[in-house]
file work-v1.pdb (PDB, C-alpha atoms and all ligand atoms)
MODEL        1
ATOM      1  CA  MET A 167      11.020  14.738  19.876  1.00  0.00           C
ATOM      2  CA  LYS A 168      12.820  12.518  17.356  1.00  0.00           C
ATOM      3  CA  PRO A 169      13.289   8.824  18.077  1.00  0.00           C
ATOM      4  CA  ALA A 170      16.820   7.981  19.234  1.00  0.00           C
ATOM      5  CA  SER A 171      17.188   4.926  16.992  1.00  0.00           C
ATOM      6  CA  ALA A 172      18.902   5.296  13.646  1.00  0.00           C
ATOM      7  CA  ILE A 173      19.221   2.797  10.826  1.00  0.00           C
ATOM      8  CA  GLY A 174      21.823   2.328   8.127  1.00  0.00           C
ATOM      9  CA  LEU A 175      20.884   1.672   4.501  1.00  0.00           C
ATOM     10  CA  PHE A 176      23.532  -0.089   2.471  1.00  0.00           C
ATOM     11  CA  GLY A 177      22.830  -0.490  -1.219  1.00  0.00           C
ATOM     12  CA  GLY A 178      25.057  -2.449  -3.549  1.00  0.00           C
ATOM     13  CA  THR A 179      25.162  -4.842  -6.416  1.00  0.00           C
ATOM     14  CA  PHE A 180      26.544  -7.478  -4.022  1.00  0.00           C
ATOM     15  CA  ASP A 181      27.693  -9.481  -7.035  1.00  0.00           C
ATOM     16  CA  PRO A 182      28.801 -11.289  -4.874  1.00  0.00           C
ATOM     17  CA  ILE A 183      28.671  -9.862  -1.331  1.00  0.00           C
ATOM     18  CA  HIS A 184      32.064 -10.161   0.422  1.00  0.00           C
ATOM     19  CA  PHE A 185      33.850  -9.495   3.708  1.00  0.00           C
ATOM     20  CA  ALA A 186      34.606  -5.819   2.962  1.00  0.00           C
ATOM     21  CA  HIS A 187      30.848  -5.175   2.593  1.00  0.00           C
ATOM     22  CA  LEU A 188      30.112  -7.011   5.838  1.00  0.00           C
ATOM     23  CA  ARG A 189      32.944  -5.353   7.725  1.00  0.00           C
ATOM     24  CA  LEU A 190      31.831  -1.907   6.505  1.00  0.00           C
ATOM     25  CA  ALA A 191      28.338  -2.562   7.858  1.00  0.00           C
ATOM     26  CA  GLU A 192      29.638  -4.018  11.121  1.00  0.00           C
ATOM     27  CA  GLU A 193      31.997  -1.121  11.871  1.00  0.00           C
ATOM     28  CA  ILE A 194      29.341   1.463  11.085  1.00  0.00           C
ATOM     29  CA  VAL A 195      26.490  -0.176  13.014  1.00  0.00           C
ATOM     30  CA  ASP A 196      28.852  -0.453  15.963  1.00  0.00           C
ATOM     31  CA  GLY A 197      30.821   2.808  15.720  1.00  0.00           C
ATOM     32  CA  PHE A 198      27.836   5.024  14.966  1.00  0.00           C
ATOM     33  CA  GLY A 199      25.470   3.286  17.386  1.00  0.00           C
ATOM     34  CA  LEU A 200      22.911   2.366  14.729  1.00  0.00           C
ATOM     35  CA  ASP A 201      20.093  -0.053  15.490  1.00  0.00           C
ATOM     36  CA  GLN A 202      20.258  -1.990  12.244  1.00  0.00           C
ATOM     37  CA  ILE A 203      21.795  -2.074   8.796  1.00  0.00           C
ATOM     38  CA  HIS A 204      19.476  -2.797   5.891  1.00  0.00           C
ATOM     39  CA  PHE A 205      21.299  -4.398   2.967  1.00  0.00           C
ATOM     40  CA  ILE A 206      19.541  -3.371  -0.251  1.00  0.00           C
ATOM     41  CA  PRO A 207      20.634  -5.350  -3.330  1.00  0.00           C
ATOM     42  CA  THR A 208      20.091  -3.246  -6.435  1.00  0.00           C
ATOM     43  CA  ALA A 209      18.231  -4.709  -9.425  1.00  0.00           C
ATOM     44  CA  THR A 210      19.391  -2.835 -12.497  1.00  0.00           C
ATOM     45  CA  PRO A 211      22.309  -0.676 -11.402  1.00  0.00           C
ATOM     46  CA  PRO A 212      22.222   2.654 -13.281  1.00  0.00           C
ATOM     47  CA  HIS A 213      26.029   3.078 -13.254  1.00  0.00           C
ATOM     48  CA  ARG A 214      27.333  -0.228 -14.514  1.00  0.00           C
ATOM     49  CA  GLY A 215      26.807  -3.207 -16.794  1.00  0.00           C
ATOM     50  CA  GLU A 216      24.575  -6.176 -16.131  1.00  0.00           C
ATOM     51  CA  PRO A 217      25.510  -8.010 -12.922  1.00  0.00           C
ATOM     52  CA  GLY A 218      27.165 -11.423 -13.313  1.00  0.00           C
ATOM     53  CA  ALA A 219      24.489 -13.134 -11.183  1.00  0.00           C
ATOM     54  CA  SER A 220      20.705 -12.772 -11.356  1.00  0.00           C
ATOM     55  CA  PRO A 221      18.812 -10.657  -8.793  1.00  0.00           C
ATOM     56  CA  ALA A 222      17.508 -13.851  -7.173  1.00  0.00           C
ATOM     57  CA  HIS A 223      21.019 -15.252  -6.722  1.00  0.00           C
ATOM     58  CA  ARG A 224      22.415 -11.947  -5.377  1.00  0.00           C
ATOM     59  CA  LEU A 225      19.528 -11.735  -2.937  1.00  0.00           C
ATOM     60  CA  ALA A 226      20.068 -15.333  -1.787  1.00  0.00           C
ATOM     61  CA  MET A 227      23.813 -14.722  -1.298  1.00  0.00           C
ATOM     62  CA  THR A 228      23.119 -11.538   0.679  1.00  0.00           C
ATOM     63  CA  ARG A 229      20.707 -13.437   2.934  1.00  0.00           C
ATOM     64  CA  LEU A 230      23.267 -16.179   3.521  1.00  0.00           C
ATOM     65  CA  ALA A 231      26.024 -13.641   4.244  1.00  0.00           C
ATOM     66  CA  ILE A 232      24.145 -11.807   7.004  1.00  0.00           C
ATOM     67  CA  GLN A 233      22.842 -14.943   8.731  1.00  0.00           C
ATOM     68  CA  GLY A 234      23.545 -14.909  12.447  1.00  0.00           C
ATOM     69  CA  ASN A 235      23.931 -11.130  12.772  1.00  0.00           C
ATOM     70  CA  PRO A 236      20.822  -9.809  14.545  1.00  0.00           C
ATOM     71  CA  ARG A 237      21.572  -6.214  13.512  1.00  0.00           C
ATOM     72  CA  PHE A 238      21.682  -6.997   9.781  1.00  0.00           C
ATOM     73  CA  VAL A 239      18.560  -7.340   7.635  1.00  0.00           C
ATOM     74  CA  VAL A 240      17.941  -7.615   3.888  1.00  0.00           C
ATOM     75  CA  ASP A 241      15.543  -5.270   2.119  1.00  0.00           C
ATOM     76  CA  ASP A 242      14.564  -6.622  -1.308  1.00  0.00           C
ATOM     77  CA  ARG A 243      12.409  -3.667  -2.413  1.00  0.00           C
ATOM     78  CA  GLU A 244      14.654  -2.682  -5.353  1.00  0.00           C
ATOM     79  CA  LEU A 245      14.454  -6.206  -6.735  1.00  0.00           C
ATOM     80  CA  LYS A 246      10.666  -6.076  -6.629  1.00  0.00           C
ATOM     81  CA  ARG A 247      10.451  -2.715  -8.400  1.00  0.00           C
ATOM     82  CA  ALA A 248      10.422  -2.699 -12.192  1.00  0.00           C
ATOM     83  CA  GLY A 249      13.035  -0.754 -14.155  1.00  0.00           C
ATOM     84  CA  THR A 250      16.183   1.047 -13.061  1.00  0.00           C
ATOM     85  CA  SER A 251      16.852   1.259  -9.326  1.00  0.00           C
ATOM     86  CA  TYR A 252      17.281   4.831  -8.198  1.00  0.00           C
ATOM     87  CA  THR A 253      18.427   5.412  -4.648  1.00  0.00           C
ATOM     88  CA  VAL A 254      16.304   8.552  -4.435  1.00  0.00           C
ATOM     89  CA  ASP A 255      13.130   6.466  -4.967  1.00  0.00           C
ATOM     90  CA  THR A 256      14.230   3.873  -2.418  1.00  0.00           C
ATOM     91  CA  LEU A 257      15.065   6.498   0.187  1.00  0.00           C
ATOM     92  CA  SER A 258      11.806   8.364  -0.439  1.00  0.00           C
ATOM     93  CA  GLU A 259       9.850   5.160   0.170  1.00  0.00           C
ATOM     94  CA  ILE A 260      11.776   4.355   3.329  1.00  0.00           C
ATOM     95  CA  ARG A 261      11.497   7.924   4.580  1.00  0.00           C
ATOM     96  CA  SER A 262       7.731   7.925   4.140  1.00  0.00           C
ATOM     97  CA  SER A 263       7.391   4.768   6.231  1.00  0.00           C
ATOM     98  CA  ARG A 264       9.878   5.865   8.905  1.00  0.00           C
ATOM     99  CA  GLY A 265       8.722   9.399   9.694  1.00  0.00           C
ATOM    100  CA  ASP A 266      11.615  11.425  11.082  1.00  0.00           C
ATOM    101  CA  GLN A 267      13.767   8.489  12.175  1.00  0.00           C
ATOM    102  CA  PRO A 268      17.433   9.194  11.373  1.00  0.00           C
ATOM    103  CA  LEU A 269      18.513   7.285   8.247  1.00  0.00           C
ATOM    104  CA  CYS A 270      22.132   6.812   7.185  1.00  0.00           C
ATOM    105  CA  LEU A 271      23.074   5.932   3.628  1.00  0.00           C
ATOM    106  CA  LEU A 272      26.335   3.954   3.727  1.00  0.00           C
ATOM    107  CA  MET A 273      28.850   3.816   0.903  1.00  0.00           C
ATOM    108  CA  GLY A 274      32.525   3.414   0.114  1.00  0.00           C
ATOM    109  CA  ALA A 275      34.583   6.472  -0.826  1.00  0.00           C
ATOM    110  CA  ASP A 276      34.648   5.321  -4.468  1.00  0.00           C
ATOM    111  CA  ALA A 277      30.860   5.476  -4.578  1.00  0.00           C
ATOM    112  CA  PHE A 278      30.784   8.920  -2.953  1.00  0.00           C
ATOM    113  CA  ALA A 279      33.336  10.239  -5.465  1.00  0.00           C
ATOM    114  CA  ALA A 280      30.810   9.375  -8.202  1.00  0.00           C
ATOM    115  CA  PHE A 281      27.815  10.720  -6.264  1.00  0.00           C
ATOM    116  CA  THR A 282      26.950  13.528  -8.721  1.00  0.00           C
ATOM    117  CA  THR A 283      26.214  10.869 -11.346  1.00  0.00           C
ATOM    118  CA  TRP A 284      23.375   9.522  -9.172  1.00  0.00           C
ATOM    119  CA  HIS A 285      19.842  10.480 -10.193  1.00  0.00           C
ATOM    120  CA  ARG A 286      18.700  13.638  -8.291  1.00  0.00           C
ATOM    121  CA  TRP A 287      21.765  13.254  -6.083  1.00  0.00           C
ATOM    122  CA  SER A 288      21.417  16.529  -4.167  1.00  0.00           C
ATOM    123  CA  GLU A 289      17.946  15.501  -2.914  1.00  0.00           C
ATOM    124  CA  LEU A 290      19.473  12.506  -1.154  1.00  0.00           C
ATOM    125  CA  PHE A 291      20.790  14.797   1.603  1.00  0.00           C
ATOM    126  CA  ASP A 292      17.180  15.749   2.429  1.00  0.00           C
ATOM    127  CA  LEU A 293      16.342  12.091   2.915  1.00  0.00           C
ATOM    128  CA  ALA A 294      19.302  10.650   4.827  1.00  0.00           C
ATOM    129  CA  HIS A 295      22.695  11.297   6.345  1.00  0.00           C
ATOM    130  CA  VAL A 296      25.573   9.923   4.289  1.00  0.00           C
ATOM    131  CA  VAL A 297      28.306   7.822   5.906  1.00  0.00           C
ATOM    132  CA  ILE A 298      31.399   7.387   3.734  1.00  0.00           C
ATOM    133  CA  ALA A 299      33.783   4.515   4.452  1.00  0.00           C
ATOM    134  CA  ARG A 300      37.397   4.514   3.419  1.00  0.00           C
ATOM    135  CA  ARG A 301      38.191   2.115   0.576  1.00  0.00           C
ATOM    136  CA  PRO A 302      41.706   1.078  -0.469  1.00  0.00           C
ATOM    137  CA  GLY A 303      42.687   3.315  -3.380  1.00  0.00           C
ATOM    138  CA  TYR A 304      40.287   6.057  -2.234  1.00  0.00           C
ATOM    139  CA  PRO A 305      41.830   7.594   0.907  1.00  0.00           C
ATOM    140  CA  LEU A 306      39.488   9.830   2.865  1.00  0.00           C
ATOM    141  CA  GLU A 307      42.175  12.486   3.385  1.00  0.00           C
ATOM    142  CA  HIS A 308      42.273  13.067  -0.384  1.00  0.00           C
ATOM    143  CA  LEU A 309      38.544  12.760  -0.834  1.00  0.00           C
ATOM    144  CA  THR A 310      37.735  16.458  -1.089  1.00  0.00           C
ATOM    145  CA  ALA A 311      40.448  17.057  -3.699  1.00  0.00           C
ATOM    146  CA  SER A 312      38.863  14.507  -6.027  1.00  0.00           C
ATOM    147  CA  LEU A 313      35.259  15.686  -5.759  1.00  0.00           C
ATOM    148  CA  PRO A 314      33.504  17.737  -8.431  1.00  0.00           C
ATOM    149  CA  ASP A 315      32.839  21.333  -7.259  1.00  0.00           C
ATOM    150  CA  PRO A 316      29.123  21.033  -6.394  1.00  0.00           C
ATOM    151  CA  LEU A 317      29.726  17.883  -4.366  1.00  0.00           C
ATOM    152  CA  ARG A 318      32.768  19.371  -2.635  1.00  0.00           C
ATOM    153  CA  ALA A 319      30.603  22.327  -1.570  1.00  0.00           C
ATOM    154  CA  GLN A 320      27.984  19.981  -0.113  1.00  0.00           C
ATOM    155  CA  TYR A 321      30.671  17.963   1.630  1.00  0.00           C
ATOM    156  CA  GLN A 322      32.257  21.040   3.239  1.00  0.00           C
ATOM    157  CA  ARG A 323      28.878  22.312   4.371  1.00  0.00           C
ATOM    158  CA  ARG A 324      27.523  19.042   5.732  1.00  0.00           C
ATOM    159  CA  LYS A 325      30.537  17.131   7.083  1.00  0.00           C
ATOM    160  CA  SER A 326      30.319  16.379  10.770  1.00  0.00           C
ATOM    161  CA  ALA A 327      32.049  14.340  13.440  1.00  0.00           C
ATOM    162  CA  ASP A 328      29.270  14.927  15.940  1.00  0.00           C
ATOM    163  CA  LEU A 329      27.567  11.583  16.440  1.00  0.00           C
ATOM    164  CA  ALA A 330      24.870  13.191  18.592  1.00  0.00           C
ATOM    165  CA  SER A 331      23.627  15.088  15.528  1.00  0.00           C
ATOM    166  CA  LEU A 332      23.299  11.794  13.664  1.00  0.00           C
ATOM    167  CA  LYS A 333      20.634  10.795  16.194  1.00  0.00           C
ATOM    168  CA  SER A 334      19.039  14.198  16.784  1.00  0.00           C
ATOM    169  CA  GLU A 335      18.576  15.050  13.103  1.00  0.00           C
ATOM    170  CA  ALA A 336      16.827  12.862  10.552  1.00  0.00           C
ATOM    171  CA  ALA A 337      19.082  13.610   7.557  1.00  0.00           C
ATOM    172  CA  GLY A 338      21.547  16.017   6.007  1.00  0.00           C
ATOM    173  CA  LYS A 339      24.979  15.382   7.578  1.00  0.00           C
ATOM    174  CA  ILE A 340      27.984  13.660   6.053  1.00  0.00           C
ATOM    175  CA  PHE A 341      30.187  11.466   8.240  1.00  0.00           C
ATOM    176  CA  ALA A 342      33.416   9.710   7.293  1.00  0.00           C
ATOM    177  CA  HIS A 343      34.612   6.408   8.719  1.00  0.00           C
ATOM    178  CA  GLU A 344      38.184   5.058   8.632  1.00  0.00           C
ATOM    179  CA  LEU A 345      37.141   1.518   7.770  1.00  0.00           C
ATOM    180  CA  THR A 346      39.693  -1.233   8.339  1.00  0.00           C
ATOM    181  CA  ALA A 347      41.270  -1.483   4.908  1.00  0.00           C
ATOM    182  CA  LEU A 348      40.205  -4.656   3.128  1.00  0.00           C
ATOM    183  CA  ASP A 349      41.112  -4.628  -0.528  1.00  0.00           C
ATOM    184  CA  VAL A 350      38.394  -7.043  -1.629  1.00  0.00           C
ATOM    185  CA  SER A 351      36.158  -6.276  -4.588  1.00  0.00           C
ATOM    186  CA  ALA A 352      33.397  -8.239  -6.254  1.00  0.00           C
ATOM    187  CA  SER A 353      35.074  -7.845  -9.646  1.00  0.00           C
ATOM    188  CA  ARG A 354      38.274  -9.415  -8.288  1.00  0.00           C
ATOM    189  CA  LEU A 355      36.240 -12.290  -6.836  1.00  0.00           C
ATOM    190  CA  ARG A 356      34.538 -12.901 -10.172  1.00  0.00           C
ATOM    191  CA  ALA A 357      37.962 -12.980 -11.837  1.00  0.00           C
ATOM    192  CA  LEU A 358      39.197 -15.529  -9.272  1.00  0.00           C
ATOM    193  CA  ILE A 359      36.178 -17.740  -9.965  1.00  0.00           C
ATOM    194  CA  LYS A 360      36.919 -17.729 -13.691  1.00  0.00           C
ATOM    195  CA  GLN A 361      40.476 -18.856 -12.873  1.00  0.00           C
ATOM    196  CA  ASN A 362      39.140 -21.615 -10.572  1.00  0.00           C
ATOM    197  CA  ALA A 363      41.182 -20.010  -7.767  1.00  0.00           C
ATOM    198  CA  SER A 364      40.306 -20.288  -4.079  1.00  0.00           C
ATOM    199  CA  LEU A 365      37.848 -17.764  -2.626  1.00  0.00           C
ATOM    200  CA  ARG A 366      38.375 -18.829   0.950  1.00  0.00           C
ATOM    201  CA  TYR A 367      38.693 -16.056   3.588  1.00  0.00           C
ATOM    202  CA  LEU A 368      37.435 -13.367   1.190  1.00  0.00           C
ATOM    203  CA  LEU A 369      33.713 -14.007   1.668  1.00  0.00           C
ATOM    204  CA  PRO A 370      31.555 -16.194   3.904  1.00  0.00           C
ATOM    205  CA  ASP A 371      31.812 -19.945   3.418  1.00  0.00           C
ATOM    206  CA  ALA A 372      28.043 -20.187   2.919  1.00  0.00           C
ATOM    207  CA  VAL A 373      28.278 -17.761  -0.009  1.00  0.00           C
ATOM    208  CA  ILE A 374      31.208 -19.679  -1.518  1.00  0.00           C
ATOM    209  CA  ALA A 375      29.184 -22.906  -1.274  1.00  0.00           C
ATOM    210  CA  TYR A 376      26.212 -21.180  -2.941  1.00  0.00           C
ATOM    211  CA  ILE A 377      28.394 -19.901  -5.805  1.00  0.00           C
ATOM    212  CA  GLU A 378      29.792 -23.398  -6.328  1.00  0.00           C
ATOM    213  CA  GLU A 379      26.412 -25.089  -6.115  1.00  0.00           C
ATOM    214  CA  HIS A 380      24.890 -22.754  -8.701  1.00  0.00           C
ATOM    215  CA  LYS A 381      28.052 -22.510 -10.850  1.00  0.00           C
ATOM    216  CA  LEU A 382      27.899 -18.704 -10.777  1.00  0.00           C
ATOM    217  CA  TYR A 383      30.311 -16.324 -12.533  1.00  0.00           C
ATOM    218  CA  LYS A 384      31.795 -18.919 -14.861  1.00  0.00           C
ATOM    219  CA  GLU A 385      30.595 -17.052 -17.967  1.00  0.00           C
ATOM    220  CA  PRO A 386      32.530 -14.031 -19.341  1.00  0.00           C
ATOM    221  CA  ASP A 387      31.910 -10.926 -17.172  1.00  0.00           C
ATOM    222  CA  ALA A 388      29.350  -8.517 -18.662  1.00  0.00           C
ATOM    223  CA  SER A 389      30.357  -5.540 -16.483  1.00  0.00           C
TER     224      SER A 389
HETATM  225  P1  LIG A 401      32.801  -4.284  -8.053  1.00  0.00           P
HETATM  226  O1  LIG A 401      34.181  -4.775  -7.777  1.00  0.00           O
HETATM  227  O2  LIG A 401      32.046  -5.175  -9.000  1.00  0.00           O
HETATM  228  O3  LIG A 401      32.750  -2.820  -8.423  1.00  0.00           O
HETATM  229  P2  LIG A 401      32.208  -3.907  -5.227  1.00  0.00           P
HETATM  230  O4  LIG A 401      33.021  -4.894  -4.493  1.00  0.00           O
HETATM  231  O5  LIG A 401      32.649  -2.474  -5.270  1.00  0.00           O
HETATM  232  O6  LIG A 401      31.935  -4.431  -6.704  1.00  0.00           O
HETATM  233  P3  LIG A 401      29.434  -3.113  -4.805  1.00  0.00           P
HETATM  234  O7  LIG A 401      28.266  -3.999  -4.595  1.00  0.00           O
HETATM  235  O8  LIG A 401      29.509  -2.364  -6.077  1.00  0.00           O
HETATM  236  O9  LIG A 401      30.744  -4.029  -4.601  1.00  0.00           O
HETATM  237  O10 LIG A 401      29.636  -2.136  -3.590  1.00  0.00           O
HETATM  238  C1  LIG A 401      28.629  -1.768  -2.681  1.00  0.00           C
HETATM  239  C2  LIG A 401      29.225  -0.736  -1.752  1.00  0.00           C
HETATM  240  O11 LIG A 401      30.299  -1.299  -0.990  1.00  0.00           O
HETATM  241  C3  LIG A 401      29.793   0.503  -2.463  1.00  0.00           C
HETATM  242  O12 LIG A 401      29.402   1.656  -1.718  1.00  0.00           O
HETATM  243  C4  LIG A 401      31.295   0.298  -2.371  1.00  0.00           C
HETATM  244  O13 LIG A 401      31.971   1.532  -2.286  1.00  0.00           O
HETATM  245  C5  LIG A 401      31.436  -0.470  -1.053  1.00  0.00           C
HETATM  246  N1  LIG A 401      32.612  -1.328  -1.042  1.00  0.00           N
HETATM  247  C6  LIG A 401      32.829  -2.417  -1.801  1.00  0.00           C
HETATM  248  N2  LIG A 401      34.023  -2.964  -1.539  1.00  0.00           N
HETATM  249  C7  LIG A 401      34.601  -2.193  -0.590  1.00  0.00           C
HETATM  250  C8  LIG A 401      35.872  -2.228   0.088  1.00  0.00           C
HETATM  251  N3  LIG A 401      36.789  -3.175  -0.187  1.00  0.00           N
HETATM  252  N4  LIG A 401      36.120  -1.274   1.019  1.00  0.00           N
HETATM  253  C9  LIG A 401      35.199  -0.304   1.272  1.00  0.00           C
HETATM  254  N5  LIG A 401      33.994  -0.226   0.666  1.00  0.00           N
HETATM  255  C10 LIG A 401      33.703  -1.139  -0.253  1.00  0.00           C
ENDMDL
END
call {"tool": "encode", "arguments": {"input": "work-v1.pdb", "output": "structure tokens"}}
result
Amino acid sequence: MKPASAIGLFGGTFDPIHFAHLRLAEEIVDGFGLDQIHFIPTATPPHRGEPGASPAHRLAMTRLAIQGNPRFVVDDRELKRAGTSYTVDTLSEIRSSRGDQPLCLLMGADAFAAFTTWHRWSELFDLAHVVIARRPGYPLEHLTASLPDPLRAQYQRRKSADLASLKSEAAGKIFAHELTALDVSASRLRALIKQNASLRYLLPDAVIAYIEEHKLYKEPDAS
């Protein structure tokens, strides 16, 4: 019999981490009855330019952001691995240490729309369920229309609203979540910092203090 506990895996550049990331994780851990969410900062993102802050700073900000939430943990394995971070390698590692525990890969709808650009993307469904959260500008009701054909076929075949199957199967389903719309993005935050504008109420105070202390994101944006 499979264990009833399921964990969420939430990868991101977190450059910096903000309230939409935290709210996404909170709504999914709660709404899908997951045990934990593992935040996995990515080292060298394959799909974008160099992050504005170093891996060490992004890791420190992620740790500060999740403080006080017993269901949130940080997994720094991608930062320890040399070279490009591929989700398929991360999930394979986690799968081999977790047996047949249900795993859920969390992402915004913008990330899912670009899923076929991910390395060995179709193998990811063998390793985890995918939970897609609505993101402003990427409505879930129009999601299928915007997907490339092979991904649309996978989506139609795997989509489910049956939360029991999330716990009874280890991987392979796709769930969608109507996340409370929060139109916050890390790129917008970096732009605000360059303008010396207030960041308050967009990300945790501890992360704002860290950014100020270390004078992050003042240089021109590389991404
Ligand atoms: P950037 O603005 O630099 O692209 P970002 O805010 O999208 O950054 P990432 O670290 O790239 O942050 O995102 C990690 C994950 O969080 C992705 O799956 C992304 O879709 C999701 N995400 C980020 N912001 C939101 C948001 N406002 N609503 C829903 N999902 C989001």
call {"tool": "residues_around", "arguments": {"input": "work-v1.pdb", "residues": "A:Leu293", "least_positions_apart": "5", "cutoff": "7 Å", "atoms": "only C-alpha atoms", "output": "PyMOL selection string"}}
result
chain A and resi 257-258+261+337
call {"tool": "atom_distance", "arguments": {"input": "work-v1.pdb", "atom1": "atom CA of A:Val373", "atom2": "atom CA of A:Gln233"}}
result
10.7 Å
call {"tool": "resolve_selection", "arguments": {"input": "work-v1.pdb", "expression": "the PyMOL selection byres (((chain A and resi 330-336) around 7) and not hetatm)", "output": "list in words"}}
result
Lys168, Ala170, Ser171, Ala172, Asp266, Gln267, Pro268, Leu269, Ala294, Asp328, Leu329 and Ala337 of chain A
call {"tool": "resolve_selection", "arguments": {"input": "work-v1.pdb", "expression": "the PyMOL selection byres (((not hetatm)) within 7 of (chain A and resi 401))", "output": "mmCIF file with C-alpha atoms, keeping the file's coordinate frame"}}
result
data_model
loop_
_atom_site.group_PDB
_atom_site.id
_atom_site.type_symbol
_atom_site.label_atom_id
_atom_site.label_comp_id
_atom_site.auth_asym_id
_atom_site.auth_seq_id
_atom_site.Cartn_x
_atom_site.Cartn_y
_atom_site.Cartn_z
ATOM 1 C CA GLY A 177 22.830 -0.490 -1.219
ATOM 2 C CA GLY A 178 25.057 -2.449 -3.549
ATOM 3 C CA THR A 179 25.162 -4.842 -6.416
ATOM 4 C CA PHE A 180 26.544 -7.478 -4.022
ATOM 5 C CA ASP A 181 27.693 -9.481 -7.035
ATOM 6 C CA ILE A 183 28.671 -9.862 -1.331
ATOM 7 C CA ALA A 186 34.606 -5.819 2.962
ATOM 8 C CA HIS A 187 30.848 -5.175 2.593
ATOM 9 C CA LEU A 190 31.831 -1.907 6.505
ATOM 10 C CA LEU A 272 26.335 3.954 3.727
ATOM 11 C CA MET A 273 28.850 3.816 0.903
ATOM 12 C CA GLY A 274 32.525 3.414 0.114
ATOM 13 C CA ALA A 275 34.583 6.472 -0.826
ATOM 14 C CA ASP A 276 34.648 5.321 -4.468
ATOM 15 C CA ALA A 277 30.860 5.476 -4.578
ATOM 16 C CA ALA A 299 33.783 4.515 4.452
ATOM 17 C CA ARG A 300 37.397 4.514 3.419
ATOM 18 C CA ARG A 301 38.191 2.115 0.576
ATOM 19 C CA PRO A 302 41.706 1.078 -0.469
ATOM 20 C CA ALA A 347 41.270 -1.483 4.908
ATOM 21 C CA LEU A 348 40.205 -4.656 3.128
ATOM 22 C CA ASP A 349 41.112 -4.628 -0.528
ATOM 23 C CA VAL A 350 38.394 -7.043 -1.629
ATOM 24 C CA SER A 351 36.158 -6.276 -4.588
ATOM 25 C CA ALA A 352 33.397 -8.239 -6.254
ATOM 26 C CA SER A 353 35.074 -7.845 -9.646
ATOM 27 C CA ARG A 354 38.274 -9.415 -8.288
#
call {"tool": "atom_distance", "arguments": {"input": "work-v1.pdb", "atom1": "atom CA of A:Arg323", "atom2": "atom CA of A:Glu259"}}
result
26.0 Å
call {"tool": "residues_around", "arguments": {"input": "work-v1.pdb", "residues": "A:Leu230", "least_positions_apart": "4", "cutoff": "9 Å", "atoms": "all atoms listed in the file", "output": "list in words"}}
result
Leu225, Ala226, Pro370, Ala372, Val373 and Tyr376 of chain A
call {"tool": "closest_atom_pairs", "arguments": {"input": "work-v1.pdb", "of": "stretch 215-245 of chain A", "to": "stretch 356-359 of chain A", "cutoff": "12 Å", "atoms": "all atoms listed in the file", "output": "CSV"}}
result
residue,atom,partner,partner_atom,distance
A:Pro217,CA,A:Arg356,CA,10.6
A:Gly218,CA,A:Arg356,CA,8.1
A:Ala219,CA,A:Arg356,CA,10.1
call {"tool": "atom_distance", "arguments": {"input": "work-v1.pdb", "atom1": "atom CA of A:Phe238", "atom2": "atom CA of A:Gly338"}}
result
23.3 Å
call {"tool": "closest_residue", "arguments": {"input": "work-v1.pdb", "among": "A:His184, A:Asp241, A:Tyr321, A:Phe198", "to": "A:Tyr367", "atoms": "only C-alpha atoms"}}
result
A:His184
call {"tool": "closest_residue", "arguments": {"input": "work-v1.pdb", "among": "A:Ile232, A:Ala363, A:Glu244, A:Thr282", "to": "A:Ala319", "atoms": "only C-alpha atoms"}}
result
A:Thr282
call {"tool": "closest_residue", "arguments": {"input": "work-v1.pdb", "among": "A:Met227, A:Pro316, A:Gly197, A:His204", "to": "A:Glu378", "atoms": "only C-alpha atoms"}}
result
A:Met227
